[in-house]
file my_file34.txt (compact mmCIF, N, CA and C atoms)
# COMPACT_ATOMS: atom_id res chain seq x y z
N MET A 241 8.84 -24.47 -67.01
CA MET A 241 7.64 -24.11 -66.28
C MET A 241 7.77 -24.63 -64.88
N SER A 242 7.39 -23.82 -63.94
CA SER A 242 7.38 -24.28 -62.56
C SER A 242 6.11 -23.81 -61.88
N PHE A 243 5.76 -24.53 -60.82
CA PHE A 243 4.57 -24.25 -60.04
C PHE A 243 4.98 -24.15 -58.58
N SER A 244 4.36 -23.22 -57.86
CA SER A 244 4.58 -23.11 -56.43
C SER A 244 3.30 -22.70 -55.73
N THR A 245 3.28 -22.91 -54.42
CA THR A 245 2.15 -22.48 -53.61
C THR A 245 2.68 -22.00 -52.26
N HIS A 246 1.90 -21.18 -51.61
CA HIS A 246 2.22 -20.68 -50.27
C HIS A 246 0.92 -20.65 -49.50
N VAL A 247 0.89 -21.29 -48.33
CA VAL A 247 -0.34 -21.36 -47.54
C VAL A 247 -0.11 -20.62 -46.23
N LEU A 248 -1.01 -19.67 -45.94
CA LEU A 248 -0.95 -18.89 -44.71
C LEU A 248 -2.17 -19.22 -43.86
N ASP A 249 -1.95 -19.53 -42.60
CA ASP A 249 -3.02 -19.79 -41.64
C ASP A 249 -3.51 -18.44 -41.13
N ALA A 250 -4.72 -18.04 -41.51
CA ALA A 250 -5.24 -16.72 -41.16
C ALA A 250 -5.60 -16.61 -39.69
N VAL A 251 -5.78 -17.73 -39.00
CA VAL A 251 -6.10 -17.70 -37.58
C VAL A 251 -4.87 -17.32 -36.76
N THR A 252 -3.75 -17.95 -37.07
CA THR A 252 -2.52 -17.69 -36.31
C THR A 252 -1.66 -16.59 -36.93
N GLY A 253 -1.89 -16.32 -38.22
CA GLY A 253 -1.06 -15.35 -38.92
C GLY A 253 0.30 -15.93 -39.30
N LEU A 254 0.42 -17.25 -39.22
CA LEU A 254 1.68 -17.92 -39.51
C LEU A 254 1.56 -18.82 -40.73
N PRO A 255 2.68 -19.20 -41.32
CA PRO A 255 2.63 -20.15 -42.43
C PRO A 255 2.03 -21.48 -41.99
N ALA A 256 1.29 -22.12 -42.88
CA ALA A 256 0.69 -23.42 -42.61
C ALA A 256 1.74 -24.50 -42.88
N GLN A 257 2.50 -24.82 -41.88
CA GLN A 257 3.60 -25.78 -42.00
C GLN A 257 3.07 -27.22 -41.96
N GLY A 258 3.55 -28.05 -42.87
CA GLY A 258 3.21 -29.47 -42.87
C GLY A 258 1.88 -29.83 -43.50
N LEU A 259 1.26 -28.90 -44.21
CA LEU A 259 -0.03 -29.15 -44.87
C LEU A 259 0.19 -30.04 -46.09
N ARG A 260 -0.57 -31.12 -46.20
CA ARG A 260 -0.45 -32.01 -47.36
C ARG A 260 -1.09 -31.37 -48.59
N VAL A 261 -0.36 -31.43 -49.71
CA VAL A 261 -0.81 -30.83 -50.97
C VAL A 261 -0.50 -31.81 -52.08
N ARG A 262 -1.42 -31.93 -53.04
CA ARG A 262 -1.13 -32.73 -54.23
C ARG A 262 -1.58 -31.98 -55.47
N LEU A 263 -0.92 -32.26 -56.56
CA LEU A 263 -1.20 -31.63 -57.84
C LEU A 263 -1.63 -32.71 -58.82
N GLU A 264 -2.77 -32.49 -59.49
CA GLU A 264 -3.30 -33.46 -60.45
C GLU A 264 -3.40 -32.84 -61.83
N HIS A 265 -3.23 -33.69 -62.83
CA HIS A 265 -3.40 -33.31 -64.23
C HIS A 265 -4.10 -34.48 -64.93
N GLU A 266 -5.24 -34.19 -65.53
CA GLU A 266 -6.04 -35.20 -66.23
C GLU A 266 -6.33 -36.41 -65.34
N GLY A 267 -6.67 -36.12 -64.07
CA GLY A 267 -7.06 -37.16 -63.13
C GLY A 267 -5.92 -37.95 -62.51
N ARG A 268 -4.69 -37.62 -62.86
CA ARG A 268 -3.53 -38.32 -62.30
C ARG A 268 -2.76 -37.40 -61.36
N VAL A 269 -2.24 -37.96 -60.29
CA VAL A 269 -1.40 -37.20 -59.37
C VAL A 269 -0.03 -37.05 -60.03
N VAL A 270 0.40 -35.79 -60.21
CA VAL A 270 1.70 -35.54 -60.83
C VAL A 270 2.75 -35.07 -59.81
N ALA A 271 2.29 -34.65 -58.64
CA ALA A 271 3.21 -34.25 -57.57
C ALA A 271 2.44 -34.23 -56.26
N GLU A 272 3.15 -34.50 -55.18
CA GLU A 272 2.55 -34.37 -53.85
C GLU A 272 3.63 -34.12 -52.83
N GLY A 273 3.23 -33.48 -51.75
CA GLY A 273 4.19 -33.17 -50.70
C GLY A 273 3.53 -32.43 -49.57
N ARG A 274 4.36 -31.87 -48.68
CA ARG A 274 3.90 -31.08 -47.54
C ARG A 274 4.57 -29.71 -47.58
N THR A 275 3.84 -28.71 -47.12
CA THR A 275 4.42 -27.38 -47.08
C THR A 275 5.58 -27.35 -46.09
N ASP A 276 6.59 -26.56 -46.40
CA ASP A 276 7.77 -26.45 -45.55
C ASP A 276 7.50 -25.51 -44.37
N GLY A 277 8.53 -25.18 -43.64
CA GLY A 277 8.41 -24.32 -42.47
C GLY A 277 7.90 -22.93 -42.76
N ASP A 278 7.99 -22.52 -44.02
CA ASP A 278 7.48 -21.22 -44.44
C ASP A 278 6.12 -21.36 -45.13
N GLY A 279 5.52 -22.56 -45.08
CA GLY A 279 4.21 -22.78 -45.69
C GLY A 279 4.26 -22.89 -47.20
N ARG A 280 5.42 -23.22 -47.75
CA ARG A 280 5.60 -23.21 -49.20
C ARG A 280 5.92 -24.58 -49.78
N ILE A 281 5.56 -24.74 -51.03
CA ILE A 281 6.01 -25.83 -51.89
C ILE A 281 6.41 -25.19 -53.19
N ALA A 282 7.56 -25.57 -53.72
CA ALA A 282 8.05 -24.99 -54.97
C ALA A 282 8.72 -26.06 -55.80
N GLY A 283 8.89 -25.75 -57.09
CA GLY A 283 9.67 -26.60 -57.96
C GLY A 283 8.91 -27.70 -58.68
N TRP A 284 7.60 -27.73 -58.55
CA TRP A 284 6.84 -28.71 -59.30
C TRP A 284 6.73 -28.26 -60.75
N SER A 285 6.73 -29.21 -61.70
CA SER A 285 6.69 -28.89 -63.14
C SER A 285 5.55 -29.63 -63.81
N PRO A 286 4.34 -29.08 -63.76
CA PRO A 286 3.18 -29.80 -64.27
C PRO A 286 2.97 -29.74 -65.78
N GLY A 287 3.49 -28.77 -66.50
CA GLY A 287 3.25 -28.65 -67.93
C GLY A 287 1.94 -27.95 -68.24
N ALA A 288 1.62 -27.85 -69.52
CA ALA A 288 0.42 -27.13 -69.96
C ALA A 288 -0.83 -27.95 -69.72
N GLY A 289 -1.98 -27.25 -69.63
CA GLY A 289 -3.27 -27.92 -69.49
C GLY A 289 -4.00 -27.50 -68.23
N VAL A 290 -5.09 -28.22 -67.96
CA VAL A 290 -5.91 -27.95 -66.78
C VAL A 290 -5.38 -28.80 -65.63
N HIS A 291 -5.18 -28.16 -64.49
CA HIS A 291 -4.63 -28.82 -63.31
C HIS A 291 -5.53 -28.55 -62.10
N ARG A 292 -5.37 -29.40 -61.11
CA ARG A 292 -6.04 -29.20 -59.81
C ARG A 292 -4.99 -29.31 -58.72
N VAL A 293 -4.97 -28.33 -57.84
CA VAL A 293 -4.13 -28.43 -56.65
C VAL A 293 -5.09 -28.65 -55.48
N ILE A 294 -4.83 -29.70 -54.72
CA ILE A 294 -5.71 -30.10 -53.63
C ILE A 294 -4.97 -29.94 -52.30
N PHE A 295 -5.55 -29.13 -51.43
CA PHE A 295 -5.00 -28.87 -50.11
C PHE A 295 -5.79 -29.69 -49.08
N ASP A 296 -5.11 -30.53 -48.33
CA ASP A 296 -5.75 -31.39 -47.32
C ASP A 296 -5.92 -30.60 -46.02
N THR A 297 -6.88 -29.69 -46.02
CA THR A 297 -7.08 -28.79 -44.89
C THR A 297 -7.67 -29.50 -43.69
N GLY A 298 -8.38 -30.60 -43.90
CA GLY A 298 -8.99 -31.34 -42.80
C GLY A 298 -7.97 -31.95 -41.86
N SER A 299 -6.82 -32.34 -42.38
CA SER A 299 -5.80 -32.91 -41.51
C SER A 299 -4.94 -31.82 -40.87
N TYR A 300 -5.05 -30.60 -41.36
CA TYR A 300 -4.27 -29.49 -40.81
C TYR A 300 -5.04 -28.72 -39.74
N LEU A 301 -6.28 -28.35 -40.06
CA LEU A 301 -7.10 -27.58 -39.12
C LEU A 301 -7.92 -28.53 -38.25
N GLU A 302 -7.95 -28.25 -36.96
CA GLU A 302 -8.65 -29.13 -36.02
C GLU A 302 -10.15 -29.18 -36.28
N ASP A 303 -10.78 -28.04 -36.46
CA ASP A 303 -12.22 -27.97 -36.69
C ASP A 303 -12.46 -27.07 -37.89
N THR A 304 -12.74 -27.68 -39.04
CA THR A 304 -12.90 -26.88 -40.25
C THR A 304 -14.14 -27.28 -41.03
N PHE A 305 -14.77 -26.32 -41.64
CA PHE A 305 -15.92 -26.55 -42.51
C PHE A 305 -15.47 -27.11 -43.85
N TYR A 306 -14.25 -26.79 -44.23
CA TYR A 306 -13.69 -27.22 -45.52
C TYR A 306 -12.59 -28.26 -45.30
N PRO A 307 -12.90 -29.56 -45.37
CA PRO A 307 -11.87 -30.57 -45.15
C PRO A 307 -10.86 -30.66 -46.30
N GLU A 308 -11.23 -30.06 -47.43
CA GLU A 308 -10.35 -30.08 -48.59
C GLU A 308 -10.63 -28.83 -49.42
N VAL A 309 -9.57 -28.20 -49.89
CA VAL A 309 -9.71 -27.06 -50.80
C VAL A 309 -9.10 -27.47 -52.12
N VAL A 310 -9.91 -27.36 -53.19
CA VAL A 310 -9.46 -27.72 -54.53
C VAL A 310 -9.48 -26.47 -55.39
N VAL A 311 -8.34 -26.17 -56.00
CA VAL A 311 -8.24 -25.03 -56.91
C VAL A 311 -7.90 -25.59 -58.29
N THR A 312 -8.80 -25.35 -59.24
CA THR A 312 -8.59 -25.79 -60.62
C THR A 312 -8.12 -24.60 -61.43
N PHE A 313 -7.06 -24.80 -62.21
CA PHE A 313 -6.49 -23.70 -62.99
C PHE A 313 -5.93 -24.23 -64.30
N THR A 314 -5.75 -23.33 -65.26
CA THR A 314 -5.25 -23.69 -66.58
C THR A 314 -3.90 -23.04 -66.82
N ILE A 315 -2.96 -23.84 -67.28
CA ILE A 315 -1.66 -23.33 -67.68
C ILE A 315 -1.65 -23.29 -69.21
N THR A 316 -1.61 -22.07 -69.76
CA THR A 316 -1.57 -21.92 -71.22
C THR A 316 -0.17 -21.62 -71.73
N ASP A 317 0.66 -21.08 -70.85
CA ASP A 317 2.04 -20.76 -71.23
C ASP A 317 2.99 -21.53 -70.33
N PRO A 318 3.44 -22.70 -70.76
CA PRO A 318 4.28 -23.54 -69.91
C PRO A 318 5.66 -22.94 -69.62
N GLU A 319 6.01 -21.84 -70.26
CA GLU A 319 7.31 -21.21 -70.00
C GLU A 319 7.26 -20.29 -68.78
N ARG A 320 6.05 -19.92 -68.34
CA ARG A 320 5.91 -19.00 -67.21
C ARG A 320 5.83 -19.75 -65.89
N HIS A 321 6.22 -19.07 -64.83
CA HIS A 321 6.04 -19.61 -63.48
C HIS A 321 4.59 -19.37 -63.04
N HIS A 322 4.00 -20.35 -62.37
CA HIS A 322 2.63 -20.22 -61.87
C HIS A 322 2.64 -20.42 -60.36
N HIS A 323 2.02 -19.48 -59.65
CA HIS A 323 2.00 -19.51 -58.19
C HIS A 323 0.55 -19.40 -57.73
N VAL A 324 0.11 -20.34 -56.87
CA VAL A 324 -1.26 -20.34 -56.35
C VAL A 324 -1.19 -20.29 -54.83
N PRO A 325 -1.33 -19.10 -54.23
CA PRO A 325 -1.33 -18.98 -52.78
C PRO A 325 -2.71 -19.31 -52.20
N LEU A 326 -2.71 -19.69 -50.92
CA LEU A 326 -3.96 -20.00 -50.23
C LEU A 326 -3.92 -19.34 -48.85
N LEU A 327 -4.94 -18.56 -48.55
CA LEU A 327 -5.14 -17.98 -47.22
C LEU A 327 -6.25 -18.79 -46.57
N LEU A 328 -5.97 -19.38 -45.42
CA LEU A 328 -6.84 -20.41 -44.86
C LEU A 328 -7.30 -20.11 -43.44
N SER A 329 -8.59 -20.38 -43.18
CA SER A 329 -9.14 -20.35 -41.83
C SER A 329 -10.20 -21.46 -41.76
N PRO A 330 -10.72 -21.77 -40.58
CA PRO A 330 -11.68 -22.88 -40.49
C PRO A 330 -12.96 -22.70 -41.30
N TYR A 331 -13.39 -21.46 -41.51
CA TYR A 331 -14.66 -21.23 -42.19
C TYR A 331 -14.56 -20.38 -43.44
N ALA A 332 -13.35 -20.18 -43.93
CA ALA A 332 -13.16 -19.40 -45.16
C ALA A 332 -11.79 -19.68 -45.73
N TYR A 333 -11.68 -19.45 -47.04
CA TYR A 333 -10.37 -19.49 -47.69
C TYR A 333 -10.40 -18.56 -48.87
N SER A 334 -9.21 -18.16 -49.31
CA SER A 334 -9.08 -17.26 -50.43
C SER A 334 -7.84 -17.66 -51.23
N THR A 335 -7.92 -17.48 -52.54
CA THR A 335 -6.79 -17.78 -53.40
C THR A 335 -6.79 -16.80 -54.57
N TYR A 336 -5.68 -16.74 -55.25
CA TYR A 336 -5.55 -15.88 -56.43
C TYR A 336 -4.35 -16.37 -57.22
N ARG A 337 -4.18 -15.85 -58.42
CA ARG A 337 -3.00 -16.17 -59.19
C ARG A 337 -1.88 -15.23 -58.77
N GLY A 338 -0.86 -15.80 -58.18
CA GLY A 338 0.28 -15.01 -57.75
C GLY A 338 1.35 -15.01 -58.82
N ASN A 339 2.54 -14.55 -58.46
CA ASN A 339 3.65 -14.59 -59.42
C ASN A 339 4.93 -15.02 -58.76
call {"tool": "encode", "arguments": {"input": "my_file34.txt", "output": "structure tokens"}}
result
Amino acid sequence: MSFSTHVLDAVTGLPAQGLRVRLEHEGRVVAEGRTDGDGRIAGWSPGAGVHRVIFDTGSYLEDTFYPEVVVTFTITDPERHHHVPLLLSPYAYSTYRGN
């Protein structure tokens, strides 16, 4: 099982490079890092269960209404790849289950 994310800055139309991201499972941090030059993080292996991916948008965007974006999701099939993209702007964000 692997997990990845991709963050796009909707204001600039460019990848959100250097955004701090952490992954939690049952209240514990299981992975953390920063998005690469393409706005991506890949290769995390969280396992089955309910997880939270937390995007530190306040340190990335200069003036934002959302200082943190938290996406809670459930992994029921640990053999599948799970991808959670984030489209980000100062006053809105969007996410979905990618592949």
call {"tool": "residues_around", "arguments": {"input": "my_file34.txt", "residues": "A:Val311", "least_positions_apart": "2", "cutoff": "7 Å", "atoms": "all atoms listed in the file", "output": "mmCIF file with N, CA and C atoms, in the coordinates of the input"}}
result
data_model
loop_
_atom_site.group_PDB
_atom_site.id
_atom_site.type_symbol
_atom_site.label_atom_id
_atom_site.label_comp_id
_atom_site.auth_asym_id
_atom_site.auth_seq_id
_atom_site.Cartn_x
_atom_site.Cartn_y
_atom_site.Cartn_z
ATOM 1 N N HIS A 291 -5.180 -28.160 -64.490
ATOM 2 C CA HIS A 291 -4.630 -28.820 -63.310
ATOM 3 C C HIS A 291 -5.530 -28.550 -62.100
ATOM 4 N N ARG A 292 -5.370 -29.400 -61.110
ATOM 5 C CA ARG A 292 -6.040 -29.200 -59.810
ATOM 6 C C ARG A 292 -4.990 -29.310 -58.720
ATOM 7 N N VAL A 293 -4.970 -28.330 -57.840
ATOM 8 C CA VAL A 293 -4.130 -28.430 -56.650
ATOM 9 C C VAL A 293 -5.090 -28.650 -55.480
ATOM 10 N N ILE A 294 -4.830 -29.700 -54.720
ATOM 11 C CA ILE A 294 -5.710 -30.100 -53.630
ATOM 12 C C ILE A 294 -4.970 -29.940 -52.300
ATOM 13 N N PHE A 295 -5.550 -29.130 -51.430
ATOM 14 C CA PHE A 295 -5.000 -28.870 -50.110
ATOM 15 C C PHE A 295 -5.790 -29.690 -49.080
ATOM 16 N N VAL A 309 -9.570 -28.200 -49.890
ATOM 17 C CA VAL A 309 -9.710 -27.060 -50.800
ATOM 18 C C VAL A 309 -9.100 -27.470 -52.120
ATOM 19 N N PHE A 313 -7.060 -24.800 -62.210
ATOM 20 C CA PHE A 313 -6.490 -23.700 -62.990
ATOM 21 C C PHE A 313 -5.930 -24.230 -64.300
#
call {"tool": "select_by_dssp", "arguments": {"input": "my_file34.txt", "residues": "chain A", "states": "helix (DSSP H, G or I)", "output": "MDAnalysis selection string"}}
result
chainID A and resid 297:300
call {"tool": "write_last_selection", "arguments": {"input": "my_file34.txt", "atoms": "N, CA and C atoms", "output": "PDB file, keeping the file's coordinate frame"}}
result
ATOM      1  N   THR A 297      -6.880 -29.690 -46.020  1.00  0.00           N
ATOM      2  CA  THR A 297      -7.080 -28.790 -44.890  1.00  0.00           C
ATOM      3  C   THR A 297      -7.670 -29.500 -43.690  1.00  0.00           C
ATOM      4  N   GLY A 298      -8.380 -30.600 -43.900  1.00  0.00           N
ATOM      5  CA  GLY A 298      -8.990 -31.340 -42.800  1.00  0.00           C
ATOM      6  C   GLY A 298      -7.970 -31.950 -41.860  1.00  0.00           C
ATOM      7  N   SER A 299      -6.820 -32.340 -42.380  1.00  0.00           N
ATOM      8  CA  SER A 299      -5.800 -32.910 -41.510  1.00  0.00           C
ATOM      9  C   SER A 299      -4.940 -31.820 -40.870  1.00  0.00           C
ATOM     10  N   TYR A 300      -5.050 -30.600 -41.360  1.00  0.00           N
ATOM     11  CA  TYR A 300      -4.270 -29.490 -40.810  1.00  0.00           C
ATOM     12  C   TYR A 300      -5.040 -28.720 -39.740  1.00  0.00           C
TER      13      TYR A 300
END
call {"tool": "closest_residue", "arguments": {"input": "my_file34.txt", "among": "A:Gly277, A:Pro286, A:Val270, A:Glu319", "to": "A:Pro255", "atoms": "all atoms listed in the file"}}
result
A:Gly277
call {"tool": "closest_residue", "arguments": {"input": "my_file34.txt", "among": "A:Phe243, A:Thr314, A:Thr252, A:Arg262", "to": "A:Leu328", "atoms": "all atoms listed in the file"}}
result
A:Thr252
call {"tool": "closest_residue", "arguments": {"input": "my_file34.txt", "among": "A:Thr245, A:Ser329, A:Asn339, A:Thr312", "to": "A:Gly279", "atoms": "only N, CA and C atoms"}}
result
A:Thr245
call {"tool": "atom_distance", "arguments": {"input": "my_file34.txt", "atom1": "atom N of A:His265", "atom2": "atom CA of A:Val310"}}
result
12.0 Å
call {"tool": "atom_distance", "arguments": {"input": "my_file34.txt", "atom1": "atom C of A:Asp276", "atom2": "atom N of A:Val247"}}
result
8.8 Å
call {"tool": "select_by_dssp", "arguments": {"input": "my_file34.txt", "residues": "stretch 249-336 of chain A", "states": "strand (DSSP E or B)", "output": "ChimeraX atom specification"}}
result
/A:249,254-255,260-265,268-274,280-284,289-295,309-315,321-323,326-329,332-335
call {"tool": "closest_residue", "arguments": {"input": "my_file34.txt", "among": "A:Val251, A:Tyr336, A:His246, A:Ala288", "to": "A:Thr275", "atoms": "all atoms listed in the file"}}
result
A:His246
call {"tool": "closest_residue", "arguments": {"input": "my_file34.txt", "among": "A:Gln257, A:Ala332, A:Gly298, A:Leu263", "to": "A:Arg280", "atoms": "only N, CA and C atoms"}}
result
A:Gln257
call {"tool": "atom_distance", "arguments": {"input": "my_file34.txt", "atom1": "atom N of A:Thr304", "atom2": "atom N of A:Glu266"}}
result
28.3 Å
call {"tool": "closest_residue", "arguments": {"input": "my_file34.txt", "among": "A:Leu248, A:His323, A:Arg274, A:Arg260", "to": "A:Thr297", "atoms": "only N, CA and C atoms"}}
result
A:Arg260
call {"tool": "decode", "arguments": {"input": "my_file34.txt", "residues": "stretch 280-314 of chain A", "atoms": "N, CA and C atoms", "output": "compact mmCIF listing (two decimals), in the first residue's frame"}}
result
# COMPACT_ATOMS: atom_id res chain seq x y z
N ARG A 280 4.61 17.39 -5.01
CA ARG A 280 4.21 16.03 -4.69
C ARG A 280 4.96 15.45 -3.50
N ILE A 281 4.29 14.52 -2.85
CA ILE A 281 4.89 13.62 -1.87
C ILE A 281 4.40 12.24 -2.23
N ALA A 282 5.29 11.27 -2.25
CA ALA A 282 4.91 9.90 -2.60
C ALA A 282 5.68 8.92 -1.74
N GLY A 283 5.18 7.68 -1.72
CA GLY A 283 5.90 6.60 -1.08
C GLY A 283 5.60 6.38 0.39
N TRP A 284 4.65 7.09 0.95
CA TRP A 284 4.29 6.84 2.33
C TRP A 284 3.45 5.57 2.40
N SER A 285 3.58 4.79 3.48
CA SER A 285 2.86 3.51 3.62
C SER A 285 2.10 3.48 4.94
N PRO A 286 0.90 4.05 4.98
CA PRO A 286 0.18 4.18 6.23
C PRO A 286 -0.57 2.93 6.71
N GLY A 287 -0.92 1.99 5.85
CA GLY A 287 -1.69 0.82 6.26
C GLY A 287 -3.18 1.11 6.31
N ALA A 288 -3.95 0.12 6.72
CA ALA A 288 -5.41 0.23 6.75
C ALA A 288 -5.88 1.07 7.92
N GLY A 289 -7.09 1.63 7.79
CA GLY A 289 -7.71 2.38 8.88
C GLY A 289 -8.03 3.81 8.48
N VAL A 290 -8.41 4.59 9.49
CA VAL A 290 -8.75 6.00 9.29
C VAL A 290 -7.48 6.83 9.46
N HIS A 291 -7.24 7.71 8.50
CA HIS A 291 -6.04 8.55 8.50
C HIS A 291 -6.43 10.01 8.32
N ARG A 292 -5.51 10.87 8.69
CA ARG A 292 -5.66 12.31 8.46
C ARG A 292 -4.38 12.81 7.79
N VAL A 293 -4.55 13.52 6.69
CA VAL A 293 -3.41 14.19 6.07
C VAL A 293 -3.61 15.68 6.34
N ILE A 294 -2.59 16.30 6.92
CA ILE A 294 -2.67 17.70 7.34
C ILE A 294 -1.70 18.53 6.51
N PHE A 295 -2.24 19.52 5.82
CA PHE A 295 -1.46 20.42 4.98
C PHE A 295 -1.27 21.74 5.74
N ASP A 296 -0.04 22.15 5.96
CA ASP A 296 0.26 23.39 6.68
C ASP A 296 0.20 24.57 5.72
N THR A 297 -1.00 24.95 5.35
CA THR A 297 -1.20 25.99 4.35
C THR A 297 -0.86 27.38 4.87
N GLY A 298 -0.93 27.58 6.18
CA GLY A 298 -0.62 28.88 6.77
C GLY A 298 0.83 29.28 6.59
N SER A 299 1.73 28.32 6.57
CA SER A 299 3.14 28.65 6.37
C SER A 299 3.48 28.77 4.89
N TYR A 300 2.59 28.31 4.03
CA TYR A 300 2.84 28.37 2.59
C TYR A 300 2.23 29.62 1.96
N LEU A 301 0.97 29.89 2.27
CA LEU A 301 0.28 31.05 1.69
C LEU A 301 0.44 32.25 2.62
N GLU A 302 0.75 33.40 2.03
CA GLU A 302 1.00 34.60 2.81
C GLU A 302 -0.24 35.07 3.58
N ASP A 303 -1.38 35.12 2.93
CA ASP A 303 -2.61 35.58 3.55
C ASP A 303 -3.70 34.57 3.22
N THR A 304 -4.03 33.71 4.19
CA THR A 304 -5.01 32.66 3.92
C THR A 304 -6.05 32.57 5.02
N PHE A 305 -7.26 32.26 4.63
CA PHE A 305 -8.35 32.03 5.57
C PHE A 305 -8.20 30.67 6.24
N TYR A 306 -7.56 29.75 5.54
CA TYR A 306 -7.38 28.38 6.03
C TYR A 306 -5.91 28.13 6.38
N PRO A 307 -5.51 28.29 7.65
CA PRO A 307 -4.11 28.07 8.01
C PRO A 307 -3.70 26.60 7.98
N GLU A 308 -4.71 25.73 7.94
CA GLU A 308 -4.44 24.29 7.91
C GLU A 308 -5.60 23.61 7.19
N VAL A 309 -5.28 22.67 6.32
CA VAL A 309 -6.30 21.86 5.66
C VAL A 309 -6.10 20.43 6.12
N VAL A 310 -7.18 19.85 6.68
CA VAL A 310 -7.14 18.48 7.17
C VAL A 310 -8.11 17.65 6.35
N VAL A 311 -7.60 16.56 5.78
CA VAL A 311 -8.43 15.65 5.01
C VAL A 311 -8.39 14.30 5.73
N THR A 312 -9.56 13.85 6.18
CA THR A 312 -9.67 12.56 6.86
C THR A 312 -10.22 11.55 5.86
N PHE A 313 -9.58 10.39 5.80
CA PHE A 313 -9.99 9.37 4.83
C PHE A 313 -9.76 7.98 5.41
N THR A 314 -10.43 7.00 4.83
CA THR A 314 -10.34 5.62 5.29
C THR A 314 -9.72 4.75 4.22
